[in-house]
>>> print(open('coords34.tsv').read())   # TSV, N, CA and C atoms
chain	number	residue	atom	x	y	z
A	1	MET	N	0.13	-31.67	3.61
A	1	MET	CA	-0.65	-32.83	3.98
A	1	MET	C	-1.01	-33.61	2.71
A	2	PRO	N	-0.88	-34.91	2.77
A	2	PRO	CA	-1.29	-35.71	1.60
A	2	PRO	C	-2.79	-35.54	1.34
A	3	HIS	N	-3.18	-35.81	0.14
A	3	HIS	CA	-4.58	-35.73	-0.27
A	3	HIS	C	-5.43	-36.74	0.50
A	4	LEU	N	-4.83	-37.86	0.92
A	4	LEU	CA	-5.54	-38.92	1.62
A	4	LEU	C	-4.89	-39.20	2.97
A	5	THR	N	-5.71	-39.22	4.01
A	5	THR	CA	-5.24	-39.62	5.34
A	5	THR	C	-6.19	-40.67	5.89
A	6	THR	N	-5.70	-41.37	6.91
A	6	THR	CA	-6.53	-42.38	7.56
A	6	THR	C	-6.22	-42.41	9.05
A	7	HIS	N	-7.09	-43.05	9.78
A	7	HIS	CA	-6.92	-43.24	11.22
A	7	HIS	C	-7.56	-44.57	11.55
A	8	VAL	N	-6.86	-45.42	12.31
A	8	VAL	CA	-7.41	-46.70	12.72
A	8	VAL	C	-7.54	-46.70	14.23
A	9	LEU	N	-8.76	-46.89	14.70
A	9	LEU	CA	-9.03	-46.98	16.12
A	9	LEU	C	-9.46	-48.41	16.43
A	10	ASP	N	-8.79	-49.02	17.39
A	10	ASP	CA	-9.17	-50.35	17.85
A	10	ASP	C	-10.37	-50.16	18.78
A	11	ALA	N	-11.55	-50.46	18.27
A	11	ALA	CA	-12.78	-50.22	19.02
A	11	ALA	C	-12.91	-51.14	20.23
A	12	ALA	N	-12.27	-52.31	20.18
A	12	ALA	CA	-12.35	-53.24	21.31
A	12	ALA	C	-11.55	-52.74	22.51
A	13	SER	N	-10.41	-52.10	22.24
A	13	SER	CA	-9.57	-51.60	23.33
A	13	SER	C	-9.76	-50.11	23.58
A	14	GLY	N	-10.38	-49.42	22.63
A	14	GLY	CA	-10.58	-47.98	22.76
A	14	GLY	C	-9.31	-47.18	22.57
A	15	SER	N	-8.36	-47.75	21.82
A	15	SER	CA	-7.07	-47.08	21.62
A	15	SER	C	-6.69	-47.10	20.15
A	16	PRO	N	-5.74	-46.23	19.76
A	16	PRO	CA	-5.26	-46.23	18.38
A	16	PRO	C	-4.61	-47.57	18.03
A	17	ALA	N	-4.60	-47.88	16.75
A	17	ALA	CA	-4.00	-49.12	16.27
A	17	ALA	C	-2.73	-48.81	15.48
A	18	PRO	N	-1.58	-48.85	16.13
A	18	PRO	CA	-0.32	-48.55	15.45
A	18	PRO	C	0.22	-49.75	14.67
A	19	GLY	N	1.06	-49.46	13.70
A	19	GLY	CA	1.79	-50.51	13.00
A	19	GLY	C	1.00	-51.28	11.97
A	20	ILE	N	-0.12	-50.77	11.51
A	20	ILE	CA	-0.90	-51.47	10.49
A	20	ILE	C	-0.41	-51.03	9.11
A	21	PRO	N	0.10	-51.97	8.30
A	21	PRO	CA	0.52	-51.62	6.94
A	21	PRO	C	-0.68	-51.25	6.07
A	22	LEU	N	-0.49	-50.26	5.22
A	22	LEU	CA	-1.54	-49.75	4.35
A	22	LEU	C	-1.04	-49.73	2.91
A	23	THR	N	-1.95	-50.01	1.99
A	23	THR	CA	-1.63	-49.89	0.57
A	23	THR	C	-2.77	-49.16	-0.11
A	24	LEU	N	-2.43	-48.11	-0.85
A	24	LEU	CA	-3.40	-47.37	-1.65
A	24	LEU	C	-3.26	-47.85	-3.09
A	25	THR	N	-4.36	-48.32	-3.66
A	25	THR	CA	-4.36	-48.83	-5.02
A	25	THR	C	-5.08	-47.85	-5.93
A	26	ALA	N	-4.47	-47.57	-7.08
A	26	ALA	CA	-5.02	-46.64	-8.06
A	26	ALA	C	-6.17	-47.29	-8.83
A	27	PRO	N	-6.93	-46.48	-9.57
A	27	PRO	CA	-8.04	-47.03	-10.35
A	27	PRO	C	-7.63	-48.14	-11.33
A	28	ASP	N	-6.40	-48.11	-11.81
A	28	ASP	CA	-5.95	-49.16	-12.74
A	28	ASP	C	-5.47	-50.42	-12.02
A	29	GLY	N	-5.54	-50.43	-10.68
A	29	GLY	CA	-5.16	-51.61	-9.90
A	29	GLY	C	-3.73	-51.61	-9.42
A	30	SER	N	-2.94	-50.63	-9.83
A	30	SER	CA	-1.54	-50.59	-9.41
A	30	SER	C	-1.41	-49.98	-8.01
A	31	ALA	N	-0.40	-50.43	-7.27
A	31	ALA	CA	-0.13	-49.86	-5.94
A	31	ALA	C	0.42	-48.46	-6.12
A	32	LEU	N	-0.25	-47.50	-5.54
A	32	LEU	CA	0.12	-46.10	-5.70
A	32	LEU	C	0.97	-45.61	-4.53
A	33	ALA	N	0.69	-46.10	-3.33
A	33	ALA	CA	1.42	-45.66	-2.14
A	33	ALA	C	1.29	-46.71	-1.05
A	34	ARG	N	2.29	-46.72	-0.16
A	34	ARG	CA	2.29	-47.61	1.00
A	34	ARG	C	2.67	-46.78	2.23
A	35	ALA	N	2.13	-47.16	3.37
A	35	ALA	CA	2.44	-46.48	4.62
A	35	ALA	C	2.13	-47.44	5.76
A	36	GLU	N	2.32	-46.95	6.97
A	36	GLU	CA	2.00	-47.72	8.17
A	36	GLU	C	1.45	-46.75	9.20
A	37	THR	N	0.44	-47.18	9.94
A	37	THR	CA	-0.12	-46.29	10.95
A	37	THR	C	0.92	-46.02	12.04
A	38	ASP	N	0.93	-44.77	12.50
A	38	ASP	CA	1.89	-44.36	13.53
A	38	ASP	C	1.36	-44.70	14.92
A	39	ALA	N	2.02	-44.23	15.96
A	39	ALA	CA	1.65	-44.54	17.34
A	39	ALA	C	0.23	-44.08	17.67
A	40	ASP	N	-0.27	-43.08	16.94
A	40	ASP	CA	-1.62	-42.59	17.15
A	40	ASP	C	-2.62	-43.24	16.19
A	41	GLY	N	-2.18	-44.25	15.43
A	41	GLY	CA	-3.05	-44.94	14.50
A	41	GLY	C	-3.33	-44.18	13.22
A	42	ARG	N	-2.51	-43.16	12.92
A	42	ARG	CA	-2.74	-42.29	11.76
A	42	ARG	C	-1.68	-42.49	10.68
A	43	ALA	N	-2.07	-42.15	9.45
A	43	ALA	CA	-1.12	-42.19	8.33
A	43	ALA	C	-1.64	-41.32	7.20
A	44	GLY	N	-0.70	-40.81	6.41
A	44	GLY	CA	-1.02	-40.10	5.18
A	44	GLY	C	-0.43	-40.89	4.03
A	45	LEU	N	-1.14	-40.94	2.92
A	45	LEU	CA	-0.69	-41.72	1.77
A	45	LEU	C	-0.86	-40.95	0.48
A	46	GLY	N	-0.07	-41.36	-0.48
A	46	GLY	CA	-0.27	-40.92	-1.85
A	46	GLY	C	0.34	-39.58	-2.16
A	47	PRO	N	0.10	-39.15	-3.36
A	47	PRO	CA	0.59	-37.85	-3.79
A	47	PRO	C	-0.24	-36.73	-3.17
A	48	ASP	N	0.18	-35.51	-3.45
A	48	ASP	CA	-0.54	-34.33	-2.94
A	48	ASP	C	-1.96	-34.25	-3.46
A	49	VAL	N	-2.18	-34.74	-4.69
A	49	VAL	CA	-3.50	-34.72	-5.30
A	49	VAL	C	-3.75	-36.05	-6.00
A	50	LEU	N	-4.92	-36.61	-5.78
A	50	LEU	CA	-5.33	-37.83	-6.48
A	50	LEU	C	-6.28	-37.44	-7.61
A	51	ALA	N	-6.07	-38.03	-8.76
A	51	ALA	CA	-6.97	-37.79	-9.89
A	51	ALA	C	-8.33	-38.40	-9.57
A	52	PRO	N	-9.39	-37.87	-10.15
A	52	PRO	CA	-10.71	-38.47	-9.93
A	52	PRO	C	-10.72	-39.95	-10.31
A	53	GLY	N	-11.44	-40.75	-9.55
A	53	GLY	CA	-11.55	-42.18	-9.83
A	53	GLY	C	-11.81	-42.96	-8.56
A	54	ASP	N	-11.89	-44.27	-8.71
A	54	ASP	CA	-12.14	-45.17	-7.59
A	54	ASP	C	-10.82	-45.75	-7.09
A	55	TYR	N	-10.55	-45.57	-5.81
A	55	TYR	CA	-9.31	-46.03	-5.18
A	55	TYR	C	-9.66	-47.04	-4.09
A	56	THR	N	-8.70	-47.89	-3.76
A	56	THR	CA	-8.88	-48.85	-2.68
A	56	THR	C	-7.77	-48.66	-1.67
A	57	LEU	N	-8.16	-48.58	-0.42
A	57	LEU	CA	-7.21	-48.49	0.69
A	57	LEU	C	-7.29	-49.81	1.45
A	58	ARG	N	-6.18	-50.54	1.47
A	58	ARG	CA	-6.14	-51.84	2.15
A	58	ARG	C	-5.39	-51.71	3.47
A	59	PHE	N	-6.03	-52.17	4.53
A	59	PHE	CA	-5.48	-52.19	5.87
A	59	PHE	C	-5.11	-53.64	6.18
A	60	ASP	N	-3.83	-53.95	6.32
A	60	ASP	CA	-3.40	-55.32	6.61
A	60	ASP	C	-3.44	-55.52	8.13
A	61	THR	N	-4.55	-56.03	8.61
A	61	THR	CA	-4.82	-56.09	10.04
A	61	THR	C	-4.32	-57.36	10.74
A	62	ARG	N	-4.00	-58.40	9.98
A	62	ARG	CA	-3.62	-59.68	10.59
A	62	ARG	C	-2.46	-59.54	11.57
A	63	GLY	N	-1.40	-58.88	11.15
A	63	GLY	CA	-0.22	-58.72	12.00
A	63	GLY	C	-0.52	-57.96	13.28
A	64	TYR	N	-1.39	-56.97	13.19
A	64	TYR	CA	-1.78	-56.19	14.37
A	64	TYR	C	-2.42	-57.11	15.41
A	65	PHE	N	-3.38	-57.91	14.99
A	65	PHE	CA	-4.06	-58.81	15.92
A	65	PHE	C	-3.14	-59.95	16.38
A	66	ASP	N	-2.35	-60.50	15.45
A	66	ASP	CA	-1.42	-61.58	15.83
A	66	ASP	C	-0.46	-61.11	16.92
A	67	ALA	N	0.06	-59.88	16.79
A	67	ALA	CA	1.01	-59.35	17.76
A	67	ALA	C	0.39	-59.20	19.15
A	68	ARG	N	-0.92	-59.12	19.21
A	68	ARG	CA	-1.62	-58.98	20.48
A	68	ARG	C	-2.22	-60.31	20.96
A	69	GLY	N	-1.96	-61.39	20.19
A	69	GLY	CA	-2.49	-62.69	20.57
A	69	GLY	C	-4.01	-62.74	20.51
A	70	THR	N	-4.57	-61.96	19.58
A	70	THR	CA	-6.02	-61.85	19.47
A	70	THR	C	-6.51	-62.58	18.22
A	71	GLU	N	-7.43	-63.51	18.41
A	71	GLU	CA	-8.05	-64.17	17.27
A	71	GLU	C	-8.89	-63.13	16.54
A	72	ALA	N	-8.79	-63.11	15.23
A	72	ALA	CA	-9.54	-62.13	14.45
A	72	ALA	C	-10.06	-62.77	13.17
A	73	PHE	N	-11.17	-62.27	12.70
A	73	PHE	CA	-11.83	-62.81	11.52
A	73	PHE	C	-11.31	-62.20	10.22
A	74	TYR	N	-10.92	-60.94	10.24
A	74	TYR	CA	-10.51	-60.23	9.02
A	74	TYR	C	-8.99	-60.08	8.96
A	75	PRO	N	-8.32	-60.77	8.02
A	75	PRO	CA	-6.88	-60.61	7.90
A	75	PRO	C	-6.50	-59.26	7.27
A	76	PHE	N	-7.44	-58.68	6.54
A	76	PHE	CA	-7.27	-57.34	5.99
A	76	PHE	C	-8.64	-56.73	5.77
A	77	VAL	N	-8.66	-55.42	5.65
A	77	VAL	CA	-9.88	-54.68	5.35
A	77	VAL	C	-9.58	-53.83	4.13
A	78	SER	N	-10.42	-53.93	3.11
A	78	SER	CA	-10.29	-53.10	1.92
A	78	SER	C	-11.47	-52.15	1.84
A	79	VAL	N	-11.16	-50.87	1.68
A	79	VAL	CA	-12.19	-49.85	1.56
A	79	VAL	C	-12.01	-49.18	0.20
A	80	THR	N	-13.02	-49.28	-0.63
A	80	THR	CA	-12.98	-48.64	-1.95
A	80	THR	C	-13.85	-47.39	-1.89
A	81	PHE	N	-13.31	-46.30	-2.40
A	81	PHE	CA	-13.99	-45.01	-2.32
A	81	PHE	C	-13.73	-44.23	-3.60
A	82	THR	N	-14.53	-43.21	-3.82
A	82	THR	CA	-14.44	-42.41	-5.03
A	82	THR	C	-13.87	-41.03	-4.72
A	83	VAL	N	-12.83	-40.66	-5.44
A	83	VAL	CA	-12.27	-39.31	-5.40
A	83	VAL	C	-12.94	-38.53	-6.53
A	84	ALA	N	-13.61	-37.45	-6.17
A	84	ALA	CA	-14.35	-36.68	-7.16
A	84	ALA	C	-13.74	-35.31	-7.43
A	85	ASP	N	-12.91	-34.84	-6.49
A	85	ASP	CA	-12.37	-33.50	-6.62
A	85	ASP	C	-11.09	-33.40	-5.79
A	86	GLU	N	-10.59	-32.18	-5.63
A	86	GLU	CA	-9.31	-31.99	-4.95
A	86	GLU	C	-9.44	-31.73	-3.45
A	87	ARG	N	-10.64	-31.94	-2.88
A	87	ARG	CA	-10.79	-31.82	-1.42
A	87	ARG	C	-9.92	-32.87	-0.73
A	88	HIS	N	-9.61	-32.62	0.52
A	88	HIS	CA	-8.91	-33.62	1.34
A	88	HIS	C	-9.83	-34.80	1.59
A	89	TYR	N	-9.29	-36.02	1.51
A	89	TYR	CA	-10.07	-37.23	1.79
A	89	TYR	C	-9.49	-37.91	3.02
A	90	HIS	N	-10.35	-38.21	3.98
A	90	HIS	CA	-9.97	-38.91	5.20
A	90	HIS	C	-10.83	-40.17	5.29
A	91	VAL	N	-10.16	-41.34	5.29
A	91	VAL	CA	-10.86	-42.63	5.27
A	91	VAL	C	-10.44	-43.42	6.51
A	92	PRO	N	-11.12	-43.22	7.63
A	92	PRO	CA	-10.79	-43.93	8.86
A	92	PRO	C	-11.56	-45.25	8.98
A	93	ILE	N	-11.05	-46.12	9.85
A	93	ILE	CA	-11.82	-47.32	10.21
A	93	ILE	C	-11.84	-47.49	11.73
A	94	LEU	N	-12.94	-48.02	12.20
A	94	LEU	CA	-13.08	-48.48	13.57
A	94	LEU	C	-12.97	-49.99	13.47
A	95	LEU	N	-12.01	-50.56	14.18
A	95	LEU	CA	-11.64	-51.95	13.99
A	95	LEU	C	-11.83	-52.75	15.27
A	96	SER	N	-12.33	-53.96	15.13
A	96	SER	CA	-12.36	-54.91	16.24
A	96	SER	C	-12.05	-56.28	15.65
A	97	PRO	N	-11.82	-57.30	16.46
A	97	PRO	CA	-11.45	-58.60	15.91
A	97	PRO	C	-12.49	-59.22	14.97
A	98	PHE	N	-13.76	-58.88	15.14
A	98	PHE	CA	-14.80	-59.52	14.34
A	98	PHE	C	-15.71	-58.55	13.60
A	99	ALA	N	-15.30	-57.28	13.53
A	99	ALA	CA	-16.11	-56.28	12.83
A	99	ALA	C	-15.26	-55.06	12.51
A	100	TYR	N	-15.73	-54.29	11.55
A	100	TYR	CA	-15.12	-52.99	11.27
A	100	TYR	C	-16.17	-52.09	10.67
A	101	SER	N	-15.94	-50.79	10.77
A	101	SER	CA	-16.80	-49.82	10.10
A	101	SER	C	-15.92	-48.70	9.60
A	102	THR	N	-16.43	-47.99	8.62
A	102	THR	CA	-15.70	-46.88	8.02
A	102	THR	C	-16.69	-45.76	7.71
A	103	TYR	N	-16.15	-44.60	7.44
A	103	TYR	CA	-16.98	-43.46	7.11
A	103	TYR	C	-16.12	-42.43	6.40
A	104	ARG	N	-16.74	-41.47	5.76
A	104	ARG	CA	-16.03	-40.37	5.12
A	104	ARG	C	-15.71	-39.35	6.21
A	105	GLY	N	-14.44	-39.26	6.58
A	105	GLY	CA	-14.04	-38.32	7.61
A	105	GLY	C	-13.75	-36.95	7.02
A	106	SER	N	-13.23	-36.07	7.86
A	106	SER	CA	-12.90	-34.72	7.39
A	106	SER	C	-11.47	-34.37	7.77
>>> encode(input="coords34.tsv", output="structure tokens")
Amino acid sequence: MPHLTTHVLDAASGSPAPGIPLTLTAPDGSALARAETDADGRAGLGPDVLAPGDYTLRFDTRGYFDARGTEAFYPFVSVTFTVADERHYHVPILLSPFAYSTYRGS
């Protein structure tokens, strides 16, 4: 399992959000990994272990909403978080056309 996983749930429809492109950015700003959410809205990114530091996970949500003909306020969502150790990190989002929330998952 990758050191970092995510899950995107479309809170407006109550279903997973497949096909959302993801980019994991390293502390130096370089793109470290790319993925796309699967049919269950899940994805794993990056190497087996991330070095300590601040990373950003970008969810490119515009295409997801455009494909559904849904007007949306956020073309992307960026979540910056701190990796402090070698534990597994799970960074999910609950997404709707005009809001999102995130939390430290397990």
>>> closest_residue(input="coords34.tsv", among="A:Arg42, A:His88, A:Arg58, A:Arg104", to="A:Thr23", atoms="only N, CA and C atoms")
A:Arg58
>>> closest_residue(input="coords34.tsv", among="A:Ser96, A:Thr25, A:Ser78, A:Thr70", to="A:Tyr55", atoms="only N, CA and C atoms")
A:Thr25
>>> atom_distance(input="coords34.tsv", atom1="atom CA of A:Ala33", atom2="atom CA of A:Pro47")
8.0 Å
>>> atom_distance(input="coords34.tsv", atom1="atom CA of A:Gly53", atom2="atom N of A:Tyr100")
24.9 Å
>>> atom_distance(input="coords34.tsv", atom1="atom C of A:Ala84", atom2="atom CA of A:Ile20")
27.3 Å
>>> residues_near_point(input="coords34.tsv", point="(-4.0, -36.2, -8.7)", cutoff="12 Å", atoms="only C-alpha atoms", output="compact mmCIF listing (two decimals) with N, CA and C atoms, in the coordinates of the input")
# COMPACT_ATOMS: atom_id res chain seq x y z
N PRO A 2 -0.88 -34.91 2.77
CA PRO A 2 -1.29 -35.71 1.60
C PRO A 2 -2.79 -35.54 1.34
N HIS A 3 -3.18 -35.81 0.14
CA HIS A 3 -4.58 -35.73 -0.27
C HIS A 3 -5.43 -36.74 0.50
N LEU A 4 -4.83 -37.86 0.92
CA LEU A 4 -5.54 -38.92 1.62
C LEU A 4 -4.89 -39.20 2.97
N ALA A 26 -4.47 -47.57 -7.08
CA ALA A 26 -5.02 -46.64 -8.06
C ALA A 26 -6.17 -47.29 -8.83
N PRO A 27 -6.93 -46.48 -9.57
CA PRO A 27 -8.04 -47.03 -10.35
C PRO A 27 -7.63 -48.14 -11.33
N LEU A 32 -0.25 -47.50 -5.54
CA LEU A 32 0.12 -46.10 -5.70
C LEU A 32 0.97 -45.61 -4.53
N GLY A 46 -0.07 -41.36 -0.48
CA GLY A 46 -0.27 -40.92 -1.85
C GLY A 46 0.34 -39.58 -2.16
N PRO A 47 0.10 -39.15 -3.36
CA PRO A 47 0.59 -37.85 -3.79
C PRO A 47 -0.24 -36.73 -3.17
N ASP A 48 0.18 -35.51 -3.45
CA ASP A 48 -0.54 -34.33 -2.94
C ASP A 48 -1.96 -34.25 -3.46
N VAL A 49 -2.18 -34.74 -4.69
CA VAL A 49 -3.50 -34.72 -5.30
C VAL A 49 -3.75 -36.05 -6.00
N LEU A 50 -4.92 -36.61 -5.78
CA LEU A 50 -5.33 -37.83 -6.48
C LEU A 50 -6.28 -37.44 -7.61
N ALA A 51 -6.07 -38.03 -8.76
CA ALA A 51 -6.97 -37.79 -9.89
C ALA A 51 -8.33 -38.40 -9.57
N PRO A 52 -9.39 -37.87 -10.15
CA PRO A 52 -10.71 -38.47 -9.93
C PRO A 52 -10.72 -39.95 -10.31
N GLY A 53 -11.44 -40.75 -9.55
CA GLY A 53 -11.55 -42.18 -9.83
C GLY A 53 -11.81 -42.96 -8.56
N TYR A 55 -10.55 -45.57 -5.81
CA TYR A 55 -9.31 -46.03 -5.18
C TYR A 55 -9.66 -47.04 -4.09
N VAL A 83 -12.83 -40.66 -5.44
CA VAL A 83 -12.27 -39.31 -5.40
C VAL A 83 -12.94 -38.53 -6.53
N ALA A 84 -13.61 -37.45 -6.17
CA ALA A 84 -14.35 -36.68 -7.16
C ALA A 84 -13.74 -35.31 -7.43
N ASP A 85 -12.91 -34.84 -6.49
CA ASP A 85 -12.37 -33.50 -6.62
C ASP A 85 -11.09 -33.40 -5.79
N GLU A 86 -10.59 -32.18 -5.63
CA GLU A 86 -9.31 -31.99 -4.95
C GLU A 86 -9.44 -31.73 -3.45
N ARG A 87 -10.64 -31.94 -2.88
CA ARG A 87 -10.79 -31.82 -1.42
C ARG A 87 -9.92 -32.87 -0.73
N HIS A 88 -9.61 -32.62 0.52
CA HIS A 88 -8.91 -33.62 1.34
C HIS A 88 -9.83 -34.80 1.59
>>> closest_residue(input="coords34.tsv", among="A:Ala43, A:Leu22, A:Ala99, A:Leu9", to="A:Phe73", atoms="only N, CA and C atoms")
A:Ala99
>>> closest_residue(input="coords34.tsv", among="A:Phe98, A:Phe81, A:Tyr74, A:Tyr89", to="A:Asp54", atoms="only N, CA and C atoms")
A:Phe81
>>> select_by_dssp(input="coords34.tsv", residues="chain A", states="strand (DSSP E)", output="number ranges by chain")
A: 4-10, 15-16, 21-25, 31-36, 42-45, 53-59, 77-83, 89-90, 93-96, 99-102
>>> closest_residue(input="coords34.tsv", among="A:Val91, A:Leu24, A:Tyr64, A:Gly19", to="A:Asp38", atoms="only N, CA and C atoms")
A:Gly19
>>> closest_residue(input="coords34.tsv", among="A:Thr56, A:Ala35, A:Leu45, A:Pro97", to="A:Gly69", atoms="only C-alpha atoms")
A:Pro97
